[in-house]
file target-v3.txt (compact mmCIF, C-alpha atoms)
# COMPACT_ATOMS: atom_id res chain seq x y z
CA MET A 11 7.23 -33.83 -23.41
CA LEU A 12 7.12 -34.44 -27.13
CA ASP A 13 4.65 -36.84 -28.69
CA ILE A 14 6.48 -40.16 -28.98
CA LYS A 15 4.63 -40.84 -32.24
CA LEU A 16 6.17 -37.69 -33.73
CA ILE A 17 9.64 -38.75 -32.59
CA ARG A 18 9.26 -42.20 -34.16
CA LYS A 19 7.86 -40.73 -37.37
CA ASP A 20 10.41 -37.93 -37.88
CA PRO A 21 13.53 -38.40 -35.75
CA GLU A 22 15.55 -36.10 -38.02
CA LEU A 23 13.21 -33.20 -37.18
CA VAL A 24 13.79 -33.81 -33.49
CA LYS A 25 17.56 -34.02 -34.00
CA ARG A 26 17.60 -30.70 -35.89
CA ASN A 27 15.50 -29.10 -33.18
CA CYS A 28 17.88 -30.31 -30.46
CA ALA A 29 20.85 -28.94 -32.40
CA ALA A 30 19.13 -25.55 -32.79
CA ARG A 31 18.46 -25.46 -29.05
CA ASN A 32 22.02 -26.50 -28.16
CA VAL A 33 20.77 -29.72 -26.51
CA ARG A 34 22.94 -32.81 -26.81
CA ILE A 35 20.98 -36.04 -26.76
CA ASN A 36 21.40 -39.60 -28.06
CA LEU A 37 18.10 -39.92 -29.88
CA ASP A 38 19.13 -43.11 -31.68
CA LEU A 39 19.73 -44.80 -28.34
CA MET A 40 16.36 -43.57 -27.07
CA LEU A 41 14.57 -44.97 -30.12
CA SER A 42 16.41 -48.28 -29.74
CA LEU A 43 15.29 -48.45 -26.11
CA ASP A 44 11.77 -47.59 -27.24
CA THR A 45 11.75 -50.53 -29.67
CA GLN A 46 13.15 -52.90 -27.07
CA ARG A 47 10.63 -51.89 -24.42
CA ARG A 48 7.68 -52.23 -26.79
CA GLU A 49 8.83 -55.66 -27.96
CA LEU A 50 9.43 -56.85 -24.40
CA ASP A 51 6.09 -55.45 -23.22
CA ALA A 52 4.32 -57.34 -26.02
CA LYS A 53 6.11 -60.54 -25.02
CA ILE A 54 5.11 -60.08 -21.37
CA GLN A 55 1.49 -59.60 -22.41
CA GLU A 56 1.65 -62.87 -24.36
CA LEU A 57 3.14 -64.68 -21.34
CA ARG A 58 0.40 -63.27 -19.07
CA ALA A 59 -2.27 -64.46 -21.48
CA ALA A 60 -0.73 -67.94 -21.55
CA SER A 61 -0.43 -68.01 -17.76
CA LYS A 62 -4.05 -66.98 -17.34
CA LYS A 63 -5.17 -69.64 -19.79
CA ILE A 64 -3.64 -72.51 -17.83
CA ALA A 65 -4.31 -71.09 -14.36
CA ALA A 66 -7.46 -73.21 -13.96
CA GLU A 67 -5.70 -76.46 -14.86
CA LYS A 68 -4.77 -78.72 -11.94
CA SER A 69 -2.35 -81.24 -13.41
CA ALA A 70 1.29 -81.27 -12.36
CA ASP A 71 2.44 -80.42 -15.88
CA PHE A 72 0.25 -77.34 -16.01
CA ILE A 73 1.25 -76.29 -12.50
CA ASN A 74 4.94 -76.50 -13.43
CA GLU A 75 4.31 -74.65 -16.67
CA GLY A 76 2.48 -71.96 -14.74
CA ARG A 77 5.43 -71.53 -12.41
CA ARG A 78 7.80 -71.28 -15.36
CA LEU A 79 5.63 -68.64 -17.02
CA ARG A 80 5.34 -66.59 -13.82
CA ALA A 81 9.12 -66.71 -13.36
CA GLU A 82 9.63 -65.59 -16.97
CA ILE A 83 7.07 -62.80 -16.52
CA SER A 84 8.82 -61.61 -13.35
CA GLU A 85 12.20 -61.59 -15.09
CA GLY A 86 10.70 -59.77 -18.07
CA GLU A 87 9.10 -57.13 -15.84
CA GLN A 88 12.44 -56.41 -14.18
CA LYS A 89 14.11 -55.99 -17.57
CA LEU A 90 11.21 -53.83 -18.77
CA ALA A 91 11.48 -51.54 -15.73
CA ALA A 92 15.18 -51.03 -16.45
CA LEU A 93 14.46 -50.28 -20.12
CA VAL A 94 11.71 -47.81 -19.22
CA LYS A 95 13.99 -46.04 -16.75
CA SER A 96 16.79 -45.70 -19.34
CA PHE A 97 14.28 -44.56 -21.96
CA ASP A 98 12.69 -41.96 -19.65
CA GLU A 99 16.07 -40.52 -18.65
CA ILE A 100 16.56 -39.47 -22.27
CA TYR A 101 12.92 -38.83 -23.21
CA HIS A 102 12.33 -36.38 -20.36
CA THR A 103 15.35 -34.28 -21.38
CA LEU A 104 14.03 -33.65 -24.90
CA PRO A 105 13.05 -29.98 -25.32
CA ASN A 106 9.89 -28.73 -26.94
CA LEU A 107 9.80 -28.02 -30.65
CA THR A 108 10.70 -24.47 -31.71
CA HIS A 109 8.50 -21.86 -33.37
CA PRO A 110 9.54 -21.37 -37.01
CA THR A 111 10.09 -17.62 -36.50
CA THR A 112 12.36 -18.03 -33.46
CA PRO A 113 15.91 -16.75 -34.09
CA ILE A 114 18.32 -19.66 -34.37
CA GLY A 115 21.45 -19.43 -32.25
CA VAL A 116 23.22 -21.28 -29.46
CA ASP A 117 22.85 -18.55 -26.82
CA GLU A 118 21.23 -15.21 -25.91
CA SER A 119 23.49 -13.25 -28.26
CA ALA A 120 21.34 -14.48 -31.16
CA SER A 121 18.12 -13.12 -29.63
CA ARG A 122 16.43 -10.35 -31.62
CA THR A 123 15.16 -6.99 -30.35
CA ILE A 124 11.61 -6.56 -31.67
CA ALA A 125 10.26 -3.54 -29.73
CA TYR A 126 10.98 -0.81 -27.20
CA GLY A 127 8.78 0.67 -24.50
CA VAL A 128 7.18 4.11 -24.62
CA ASN A 129 9.51 5.64 -22.00
CA ASP A 130 12.86 7.14 -22.90
CA LYS A 131 16.02 6.39 -20.96
CA PRO A 132 16.50 8.96 -18.19
CA THR A 133 19.21 11.56 -18.45
CA PHE A 134 21.16 12.50 -15.35
CA GLY A 135 23.34 15.47 -14.55
CA PHE A 136 25.44 13.12 -12.44
CA THR A 137 26.87 9.62 -12.62
CA PRO A 138 23.98 7.26 -11.72
CA LYS A 139 24.57 4.81 -8.90
CA ASP A 140 23.92 1.12 -8.64
CA HIS A 141 20.60 0.24 -6.91
CA LEU A 142 22.38 -1.52 -4.05
CA ASP A 143 24.52 1.51 -3.23
CA ILE A 144 21.42 3.70 -3.13
CA ALA A 145 19.27 1.26 -1.16
CA THR A 146 22.00 0.44 1.34
CA THR A 147 22.69 4.12 2.02
CA LEU A 148 18.96 4.72 2.52
CA GLY A 149 18.79 1.69 4.81
CA VAL A 150 15.91 0.09 2.87
CA VAL A 151 17.75 -3.03 1.66
CA ASP A 152 20.00 -5.00 4.00
CA MET A 153 22.00 -7.74 2.30
CA ALA A 154 24.24 -8.21 5.36
CA ALA A 155 21.28 -9.09 7.59
CA GLY A 156 20.04 -11.54 4.95
CA THR A 157 23.45 -13.19 4.83
CA LYS A 158 23.60 -13.39 8.62
CA VAL A 159 20.20 -15.07 8.85
CA ALA A 160 20.06 -17.25 5.71
CA GLY A 161 23.37 -16.93 3.84
CA PRO A 162 24.51 -15.04 0.72
CA GLY A 163 21.79 -14.24 -1.79
CA PHE A 164 19.12 -13.41 0.80
CA TYR A 165 18.12 -9.95 1.98
CA PHE A 166 15.88 -7.87 4.20
CA LEU A 167 13.59 -5.15 2.82
CA ASN A 168 13.11 -2.35 5.35
CA GLY A 169 10.58 0.44 5.63
CA ASP A 170 9.76 2.02 2.30
CA ALA A 171 11.29 -0.78 0.23
CA ALA A 172 9.05 -3.30 2.00
CA LEU A 173 6.04 -1.04 1.41
CA LEU A 174 7.05 -0.61 -2.23
CA GLU A 175 7.10 -4.40 -2.68
CA LEU A 176 3.54 -4.62 -1.38
CA ALA A 177 2.48 -1.73 -3.62
CA LEU A 178 3.95 -3.44 -6.70
CA GLN A 179 2.24 -6.72 -5.83
CA ASN A 180 -1.10 -5.01 -5.38
CA TYR A 181 -0.75 -3.02 -8.60
CA ALA A 182 0.10 -6.10 -10.70
CA ILE A 183 -2.65 -8.24 -9.17
CA ASN A 184 -5.30 -5.58 -9.70
CA LYS A 185 -4.22 -5.15 -13.29
CA LEU A 186 -4.45 -8.87 -14.00
CA VAL A 187 -7.82 -9.24 -12.31
CA SER A 188 -9.13 -6.36 -14.45
CA ASN A 189 -7.88 -8.33 -17.48
CA GLY A 190 -9.92 -11.40 -16.58
CA PHE A 191 -7.39 -13.39 -14.55
CA ARG A 192 -8.47 -15.35 -11.46
CA PHE A 193 -6.11 -14.54 -8.59
CA GLN A 194 -4.65 -17.28 -6.38
CA ILE A 195 -2.06 -17.42 -3.62
CA THR A 196 -0.22 -20.70 -4.16
CA PRO A 197 1.81 -23.06 -1.97
CA ASP A 198 5.54 -22.31 -1.96
CA ILE A 199 6.34 -26.03 -2.20
CA ALA A 200 5.29 -28.66 -4.71
CA LYS A 201 5.73 -32.36 -5.34
CA ASN A 202 8.70 -33.23 -7.50
CA ASP A 203 6.39 -34.86 -10.05
CA ILE A 204 4.69 -31.49 -10.49
CA LEU A 205 8.06 -29.80 -11.02
CA LEU A 206 8.93 -32.40 -13.65
CA GLY A 207 5.56 -31.91 -15.27
CA THR A 208 6.19 -28.21 -15.80
CA GLY A 209 9.71 -28.85 -17.09
CA TYR A 210 11.75 -28.07 -13.98
CA VAL A 211 14.42 -30.45 -12.72
CA PRO A 212 14.11 -31.08 -8.96
CA ARG A 213 17.23 -33.24 -8.71
CA GLY A 214 20.39 -33.94 -10.66
CA ASN A 215 23.20 -31.93 -12.21
CA GLU A 216 20.87 -29.49 -13.99
CA THR A 217 18.78 -28.58 -10.98
CA ASN A 218 18.33 -25.02 -9.74
CA THR A 219 15.93 -26.17 -7.05
CA TYR A 220 15.91 -26.37 -3.27
CA THR A 221 14.64 -29.84 -2.35
CA LEU A 222 13.30 -30.85 1.07
CA GLU A 223 15.35 -33.68 2.52
CA ASP A 224 13.65 -37.08 2.91
CA THR A 225 10.54 -35.92 1.04
CA ASP A 226 9.30 -35.79 -2.54
CA LEU A 227 8.84 -32.02 -2.19
CA SER A 228 10.78 -28.98 -3.39
CA LEU A 229 10.53 -25.21 -3.01
CA ILE A 230 9.02 -23.71 -6.14
CA ALA A 231 10.98 -21.55 -8.57
CA THR A 232 7.83 -19.83 -9.81
CA ALA A 233 4.07 -19.90 -9.21
CA GLU A 234 3.77 -21.38 -12.70
CA ILE A 235 4.52 -24.76 -11.09
CA PRO A 236 1.53 -24.95 -8.70
CA LEU A 237 -0.74 -22.93 -11.01
CA CYS A 238 -0.31 -25.55 -13.75
CA GLY A 239 0.07 -28.47 -11.36
CA GLN A 240 -3.42 -28.09 -9.89
CA PHE A 241 -4.85 -29.26 -13.23
CA THR A 242 -2.83 -32.50 -13.40
CA ASP A 243 -4.91 -35.48 -14.63
CA THR A 244 -7.96 -33.37 -15.40
CA VAL A 245 -10.16 -32.61 -18.39
CA VAL A 246 -10.77 -28.86 -18.51
CA ASP A 247 -13.14 -26.63 -20.43
CA VAL A 248 -11.14 -24.21 -22.55
CA SER A 249 -13.98 -22.98 -24.73
CA SER A 250 -12.78 -19.74 -23.16
CA PRO A 251 -9.10 -19.67 -22.10
CA ILE A 252 -8.48 -20.37 -18.42
CA LYS A 253 -6.53 -17.33 -17.17
CA ILE A 254 -5.10 -17.45 -13.65
CA CYS A 255 -2.46 -15.47 -11.80
CA GLY A 256 -0.60 -16.38 -8.67
CA LEU A 257 1.43 -14.68 -5.97
CA SER A 258 4.25 -16.70 -4.46
CA HIS A 259 7.76 -16.63 -3.13
CA CYS A 260 10.25 -18.10 -5.58
CA PHE A 261 13.40 -20.00 -4.63
CA ARG A 262 16.41 -20.67 -6.86
CA THR A 263 19.82 -22.01 -5.94
CA GLU A 264 21.53 -20.29 -8.87
CA ARG A 265 23.41 -17.11 -8.07
CA ALA A 266 26.21 -15.80 -10.26
CA ALA A 267 28.91 -13.43 -9.07
CA GLY A 268 29.83 -10.08 -10.59
CA LYS A 269 28.57 -6.50 -10.72
CA ALA A 270 25.79 -7.30 -13.20
CA THR A 271 24.13 -9.71 -10.76
CA ARG A 272 24.87 -8.03 -7.43
CA GLY A 273 22.26 -6.88 -4.99
CA LEU A 274 18.65 -7.72 -5.79
CA TYR A 275 19.16 -8.72 -9.43
CA ARG A 276 19.84 -12.41 -8.80
CA VAL A 277 18.91 -13.71 -5.38
CA HIS A 278 17.87 -17.02 -3.85
CA GLN A 279 14.39 -15.84 -2.80
CA PHE A 280 12.06 -13.25 -4.28
CA THR A 281 8.35 -12.56 -4.73
CA LYS A 282 6.64 -12.80 -8.09
CA VAL A 283 3.19 -12.37 -9.61
CA GLU A 284 2.86 -14.95 -12.37
CA MET A 285 0.36 -15.43 -15.19
CA VAL A 286 -0.70 -18.85 -16.51
CA VAL A 287 -3.11 -19.64 -19.34
CA LEU A 288 -4.63 -22.96 -20.42
CA CYS A 289 -6.29 -22.76 -23.82
CA ASP A 290 -7.32 -24.48 -27.02
CA PRO A 291 -4.23 -25.07 -29.21
CA GLU A 292 -5.69 -22.79 -31.89
CA ALA A 293 -5.69 -19.87 -29.44
CA SER A 294 -2.21 -20.17 -27.93
CA GLU A 295 -0.31 -17.84 -30.26
CA ASP A 296 -2.88 -15.06 -29.73
CA MET A 297 -2.77 -15.67 -25.97
CA HIS A 298 1.02 -15.41 -26.03
CA LEU A 299 0.80 -11.95 -27.58
CA GLU A 300 -1.83 -10.98 -24.98
CA LEU A 301 0.53 -11.94 -22.14
CA LEU A 302 3.33 -9.91 -23.73
CA LYS A 303 0.96 -6.95 -24.13
CA ILE A 304 0.13 -7.02 -20.41
CA GLU A 305 3.82 -7.20 -19.45
CA LYS A 306 4.58 -4.22 -21.69
CA GLU A 307 1.70 -2.22 -20.22
CA ILE A 308 2.98 -2.82 -16.69
CA PHE A 309 6.46 -1.48 -17.41
CA ASP A 310 5.14 1.37 -19.56
CA GLU A 311 2.85 2.43 -16.70
CA LEU A 312 5.71 2.17 -14.20
CA GLY A 313 7.63 4.69 -16.31
CA LEU A 314 10.49 2.30 -17.07
CA PRO A 315 12.33 2.14 -20.40
CA TYR A 316 12.76 -1.37 -21.81
CA ARG A 317 13.28 -3.50 -24.88
CA VAL A 318 11.50 -6.70 -25.96
CA LEU A 319 13.55 -9.66 -27.15
CA ASP A 320 12.48 -12.62 -29.26
CA ILE A 321 14.61 -15.22 -27.50
CA ALA A 322 16.98 -17.36 -29.56
CA SER A 323 16.52 -21.12 -29.80
CA GLY A 324 19.60 -21.95 -27.73
CA ASP A 325 18.41 -19.78 -24.83
CA LEU A 326 14.90 -21.24 -24.58
CA GLY A 327 13.87 -23.25 -21.57
CA ALA A 328 12.97 -26.88 -22.23
CA SER A 329 9.21 -26.24 -22.17
CA ALA A 330 9.13 -23.10 -24.32
CA TYR A 331 8.11 -23.22 -27.98
CA LYS A 332 8.38 -19.43 -28.24
CA LYS A 333 9.59 -16.94 -25.64
CA TYR A 334 9.72 -13.16 -25.30
CA ASP A 335 11.76 -11.34 -22.64
CA ILE A 336 11.42 -7.78 -21.45
CA GLU A 337 14.70 -6.19 -20.41
CA ALA A 338 14.43 -2.94 -18.45
CA TRP A 339 17.04 -0.20 -18.68
CA MET A 340 19.20 -0.15 -15.55
CA PRO A 341 21.40 2.96 -15.62
CA GLY A 342 23.51 1.90 -12.63
CA ARG A 343 24.26 -1.58 -13.98
CA ASN A 344 27.80 -1.64 -15.38
CA GLY A 345 27.51 1.99 -16.44
CA GLY A 346 24.07 1.43 -17.96
CA GLU A 347 22.64 -1.66 -19.66
CA PHE A 348 19.45 -3.66 -20.09
CA GLY A 349 18.59 -6.46 -17.64
CA GLU A 350 15.85 -9.08 -17.85
CA VAL A 351 12.76 -8.35 -15.76
CA THR A 352 10.04 -10.54 -17.29
CA SER A 353 9.53 -13.36 -19.75
CA THR A 354 6.53 -15.05 -21.35
CA SER A 355 6.51 -18.46 -23.00
CA ASN A 356 4.14 -20.48 -25.14
CA CYS A 357 4.71 -24.08 -24.05
CA THR A 358 2.17 -25.58 -26.51
CA ASP A 359 1.20 -29.09 -25.29
CA PHE A 360 4.63 -29.87 -23.80
CA GLN A 361 3.60 -29.42 -20.15
CA ALA A 362 0.04 -30.65 -20.65
CA ARG A 363 1.31 -33.91 -22.11
CA ARG A 364 3.52 -34.48 -19.06
CA MET A 365 0.74 -33.60 -16.61
CA ASN A 366 -2.12 -35.15 -18.59
CA ILE A 367 -4.23 -32.00 -18.91
CA ARG A 368 -6.80 -32.42 -21.67
CA HIS A 369 -9.86 -30.79 -23.14
CA VAL A 370 -12.63 -32.03 -25.40
CA SER A 371 -11.88 -30.70 -28.87
CA LYS A 372 -14.42 -29.56 -31.45
CA ASN A 373 -14.42 -33.04 -32.99
CA GLY A 374 -15.29 -34.59 -29.63
CA GLN A 375 -11.85 -36.06 -28.96
CA ARG A 376 -9.88 -35.59 -25.76
CA GLU A 377 -6.74 -33.67 -26.68
CA PHE A 378 -3.98 -31.94 -24.76
CA VAL A 379 -4.43 -28.25 -24.00
CA HIS A 380 -1.78 -25.62 -24.61
CA THR A 381 -0.21 -23.88 -21.60
CA LEU A 382 1.41 -20.47 -21.44
CA ASN A 383 3.10 -18.51 -18.69
CA GLY A 384 4.34 -14.99 -18.17
CA THR A 385 5.85 -12.89 -15.40
CA ALA A 386 3.60 -9.99 -14.52
CA ILE A 387 6.23 -8.69 -12.12
CA ALA A 388 9.26 -10.14 -10.36
CA ILE A 389 9.49 -7.70 -7.49
CA SER A 390 13.23 -7.73 -6.82
CA ARG A 391 14.21 -7.03 -10.44
CA ALA A 392 11.50 -4.44 -10.87
CA MET A 393 12.87 -2.67 -7.79
CA VAL A 394 16.36 -2.66 -9.32
CA ALA A 395 15.02 -0.79 -12.34
CA ILE A 396 12.80 1.54 -10.29
CA ILE A 397 15.52 2.56 -7.84
CA GLU A 398 18.07 3.19 -10.58
CA ASN A 399 15.79 5.04 -13.02
CA PHE A 400 14.19 7.30 -10.41
CA GLN A 401 17.33 8.13 -8.40
CA THR A 402 18.30 11.74 -7.65
CA SER A 403 21.63 13.44 -7.26
CA ASP A 404 21.25 13.49 -3.47
CA GLY A 405 20.74 9.71 -3.28
CA ARG A 406 16.96 9.62 -2.92
CA VAL A 407 14.34 7.87 -5.08
CA MET A 408 11.73 10.26 -6.50
CA PHE A 409 8.67 8.93 -8.32
CA PRO A 410 6.77 10.98 -10.89
CA GLN A 411 3.35 11.89 -9.50
CA ALA A 412 1.45 9.64 -11.92
CA ILE A 413 3.44 6.59 -10.91
CA ALA A 414 3.18 7.35 -7.20
CA LYS A 415 -0.59 7.59 -7.63
CA LEU A 416 -0.63 4.34 -9.62
CA LEU A 417 1.18 2.53 -6.81
CA GLY A 418 -0.63 4.30 -4.00
CA ILE A 419 2.63 5.27 -2.26
CA LYS A 420 1.62 8.77 -1.17
CA GLY A 421 2.07 7.91 2.50
CA LEU A 422 5.71 6.83 2.25
CA ASP A 423 8.43 8.70 4.13
CA PRO A 424 9.22 11.73 1.93
CA LEU A 425 12.87 11.58 2.95
CA VAL A 426 13.28 8.24 1.22
CA VAL A 427 10.73 7.56 -1.46
CA LYS A 428 8.33 10.26 -2.60
CA ALA A 429 6.61 11.64 -5.66
CA THR A 430 7.87 14.61 -7.60
CA PRO A 431 5.38 17.47 -8.14

call {"tool": "encode", "arguments": {"input": "target-v3.txt", "output": "structure tokens"}}
result
Amino acid sequence: MLDIKLIRKDPELVKRNCAARNVRINLDLMLSLDTQRRELDAKIQELRAASKKIAAEKSADFINEGRRLRAEISEGEQKLAALVKSFDEIYHTLPNLTHPTTPIGVDESASRTIAYGVNDKPTFGFTPKDHLDIATTLGVVDMAAGTKVAGPGFYFLNGDAALLELALQNYAINKLVSNGFRFQITPDIAKNDILLGTGYVPRGNETNTYTLEDTDLSLIATAEIPLCGQFTDTVVDVSSPIKICGLSHCFRTERAAGKATRGLYRVHQFTKVEMVVLCDPEASEDMHLELLKIEKEIFDELGLPYRVLDIASGDLGASAYKKYDIEAWMPGRNGGEFGEVTSTSNCTDFQARRMNIRHVSKNGQREFVHTLNGTAIAISRAMVAIIENFQTSDGRVMFPQAIAKLLGIKGLDPLVVKATP
């Protein structure tokens, strides 16, 4: 969340930021509620002090006055709770501030391409197929079985596709560990307060979350949630950045229709290796570039062509101050187009303020840390790009030898997935 002192001091800055991020909010109402709650809270404190002062008196007049004060305090507390609830409903929907170099625009069309990967787009002597057509023919992805068991948007990975998922997980984890990340396997559920702390909405019209009935728990949308959540209400040492990575299943209710999102591109459940960093505020911009560098290395090493986008203000998530996306080339997607495969965000102190994660600064004060996150690899989308870029005219998937060695897939069935000489 934003610092309330900043909002009170410069509401016009916050209003401009909301407009740039295409967020509609009644900030004047929120500030009015803030004033009312502070005034009422001060009055309640005065009443409590008066009640405490006369509590030791035994006369009838003082006893009656004490009852009157307690009744007034109780009434005031009920009104204060209602004010706080109304205030929080607006306050918690305020997005983070926006980096001054972020492109300004209401949606993704305003995002700016800032780099391309080292690999060229493949050329085919045939019309490339969609990943789902290839994988279904090979029998390695079964959407029908997923629908039968769990409903649309779920799937089975069979044989070599299942082995490829494990190979991609192992590759990404090993790379992150070699870059100084501590590896964790996280819970796939989290308390709703933890979701709120990281900027996700567990309930309401904006939710994209599966909640567990009659509990305060939800399925996680990303390992970022438990990776950050474990530090709630703690003071951490970020003299060196805390770098952790997590493997988890991810669950999202959102699933759009259409050719661009068919198959594995947008599903209700997938596996992801996620990076999270907690650091001193002075280090967060450098750490953001480090996360992007790792993401680029992964897709360069996997032999996949891609572009890097500096995401426009209107397409940023609530927590993100600055965000970069990597979009891999998918030759079978609508005749060939880029599709998002990773993102990395600098969330500054937005999440830490919600979750009360602090460090002791150089001046000895307890201050909020900065948090960052980045997708090392979202397996399902990576597989879309891999299957489509390495397809052959006879419907197989052929890896270059270097990439097969990188993934350790030498033992896979050569009739389905194998390395080229």

call {"tool": "residues_near_point", "arguments": {"input": "target-v3.txt", "point": "(15.9, -51.7, -18.7)", "cutoff": "12 Å", "atoms": "only C-alpha atoms", "output": "list in words"}}
result
Met40, Ser42, Leu43, Asp44, Thr45, Gln46, Arg47, Arg48, Leu50, Asp51, Glu85, Gly86, Glu87, Gln88, Lys89, Leu90, Ala91, Ala92, Leu93, Val94, Lys95, Ser96, Phe97, Asp98 and Glu99 of chain A

call {"tool": "residues_near_point", "arguments": {"input": "target-v3.txt", "point": "(6.0, -40.0, -26.3)", "cutoff": "10 Å", "atoms": "all atoms listed in the file", "output": "list of chain:residue names"}}
result
A:Met11, A:Leu12, A:Asp13, A:Ile14, A:Lys15, A:Leu16, A:Ile17, A:Arg18, A:Asp44, A:Asp98, A:Tyr101, A:His102, A:Arg363, A:Arg364

call {"tool": "atom_distance", "arguments": {"input": "target-v3.txt", "atom1": "atom CA of Leu167 of chain A", "atom2": "atom CA of Asp152 of chain A"}}
result
6.5 Å

call {"tool": "atom_distance", "arguments": {"input": "target-v3.txt", "atom1": "atom CA of Ile389 of chain A", "atom2": "atom CA of Thr281 of chain A"}}
result
5.7 Å

call {"tool": "closest_residue", "arguments": {"input": "target-v3.txt", "among": "A:Ile100, A:Ile252, A:Ala60, A:Ala362", "to": "Leu39 of chain A", "atoms": "only C-alpha atoms"}}
result
A:Ile100

call {"tool": "axis_aligned_box", "arguments": {"input": "target-v3.txt", "around": "segment 249-258 of chain A", "padding_each_side": "8 Å", "output": "lines of an AutoDock Vina configuration file"}}
result
center_x = -4.9
center_y = -18.8
center_z = -14.6
size_x = 34.2
size_y = 24.3
size_z = 36.3

call {"tool": "closest_atom_pairs", "arguments": {"input": "target-v3.txt", "of": "segment 303-406 of chain A", "to": "segment 176-191 of chain A", "cutoff": "8 Å", "atoms": "all atoms listed in the file", "output": "JSON lines"}}
result
{"residue": "A:Ile308", "atom": "CA", "partner": "A:Ala182", "partner_atom": "CA", "distance": 7.4}
{"residue": "A:Ala386", "atom": "CA", "partner": "A:Ala182", "partner_atom": "CA", "distance": 6.5}
{"residue": "A:Ile387", "atom": "CA", "partner": "A:Ala182", "partner_atom": "CA", "distance": 6.8}
{"residue": "A:Ile389", "atom": "CA", "partner": "A:Leu178", "partner_atom": "CA", "distance": 7.0}

call {"tool": "residues_around", "arguments": {"input": "target-v3.txt", "residues": "Thr263 of chain A", "least_positions_apart": "5", "cutoff": "12 Å", "atoms": "all atoms listed in the file", "output": "JSON, numbers by chain"}}
result
{"A": [161, 162, 163, 164, 212, 213, 216, 217, 218, 219, 220, 221, 228, 229, 230, 231, 276, 277, 278, 279, 280]}

call {"tool": "residues_around", "arguments": {"input": "target-v3.txt", "residues": "Arg31 of chain A", "least_positions_apart": "3", "cutoff": "10 Å", "atoms": "all atoms listed in the file", "output": "ChimeraX atom specification"}}
result
/A:25-28,34,105-108,114-117,322-328

call {"tool": "residues_around", "arguments": {"input": "target-v3.txt", "residues": "Ala338 of chain A", "least_positions_apart": "2", "cutoff": "6 Å", "atoms": "all atoms listed in the file", "output": "list of chain:residue names"}}
result
A:Pro315, A:Tyr316, A:Phe348, A:Gly349

call {"tool": "residues_around", "arguments": {"input": "target-v3.txt", "residues": "segment 125-138 of chain A", "least_positions_apart": "3", "cutoff": "12 Å", "atoms": "only C-alpha atoms", "output": "PyMOL selection string"}}
result
chain A and resi 122+141-144+302-303+305-320+334-348+395-407

call {"tool": "write_last_selection", "arguments": {"input": "target-v3.txt", "atoms": "C-alpha atoms", "output": "tab-separated table (two decimals), in the coordinates of the input"}}
result
chain	number	residue	atom	x	y	z
A	122	ARG	CA	16.43	-10.35	-31.62
A	141	HIS	CA	20.60	0.24	-6.91
A	142	LEU	CA	22.38	-1.52	-4.05
A	143	ASP	CA	24.52	1.51	-3.23
A	144	ILE	CA	21.42	3.70	-3.13
A	302	LEU	CA	3.33	-9.91	-23.73
A	303	LYS	CA	0.96	-6.95	-24.13
A	305	GLU	CA	3.82	-7.20	-19.45
A	306	LYS	CA	4.58	-4.22	-21.69
A	307	GLU	CA	1.70	-2.22	-20.22
A	308	ILE	CA	2.98	-2.82	-16.69
A	309	PHE	CA	6.46	-1.48	-17.41
A	310	ASP	CA	5.14	1.37	-19.56
A	311	GLU	CA	2.85	2.43	-16.70
A	312	LEU	CA	5.71	2.17	-14.20
A	313	GLY	CA	7.63	4.69	-16.31
A	314	LEU	CA	10.49	2.30	-17.07
A	315	PRO	CA	12.33	2.14	-20.40
A	316	TYR	CA	12.76	-1.37	-21.81
A	317	ARG	CA	13.28	-3.50	-24.88
A	318	VAL	CA	11.50	-6.70	-25.96
A	319	LEU	CA	13.55	-9.66	-27.15
A	320	ASP	CA	12.48	-12.62	-29.26
A	334	TYR	CA	9.72	-13.16	-25.30
A	335	ASP	CA	11.76	-11.34	-22.64
A	336	ILE	CA	11.42	-7.78	-21.45
A	337	GLU	CA	14.70	-6.19	-20.41
A	338	ALA	CA	14.43	-2.94	-18.45
A	339	TRP	CA	17.04	-0.20	-18.68
A	340	MET	CA	19.20	-0.15	-15.55
A	341	PRO	CA	21.40	2.96	-15.62
A	342	GLY	CA	23.51	1.90	-12.63
A	343	ARG	CA	24.26	-1.58	-13.98
A	344	ASN	CA	27.80	-1.64	-15.38
A	345	GLY	CA	27.51	1.99	-16.44
A	346	GLY	CA	24.07	1.43	-17.96
A	347	GLU	CA	22.64	-1.66	-19.66
A	348	PHE	CA	19.45	-3.66	-20.09
A	395	ALA	CA	15.02	-0.79	-12.34
A	396	ILE	CA	12.80	1.54	-10.29
A	397	ILE	CA	15.52	2.56	-7.84
A	398	GLU	CA	18.07	3.19	-10.58
A	399	ASN	CA	15.79	5.04	-13.02
A	400	PHE	CA	14.19	7.30	-10.41
A	401	GLN	CA	17.33	8.13	-8.40
A	402	THR	CA	18.30	11.74	-7.65
A	403	SER	CA	21.63	13.44	-7.26
A	404	ASP	CA	21.25	13.49	-3.47
A	405	GLY	CA	20.74	9.71	-3.28
A	406	ARG	CA	16.96	9.62	-2.92
A	407	VAL	CA	14.34	7.87	-5.08

call {"tool": "closest_residue", "arguments": {"input": "target-v3.txt", "among": "A:Val24, A:Leu206, A:Cys238, A:Ala293", "to": "Leu41 of chain A", "atoms": "all atoms listed in the file"}}
result
A:Val24

call {"tool": "residues_around", "arguments": {"input": "target-v3.txt", "residues": "Glu295 of chain A", "least_positions_apart": "3", "cutoff": "12 Å", "atoms": "all atoms listed in the file", "output": "ChimeraX atom specification"}}
result
/A:109,287-292,298-302,331-333,354-358,380-382
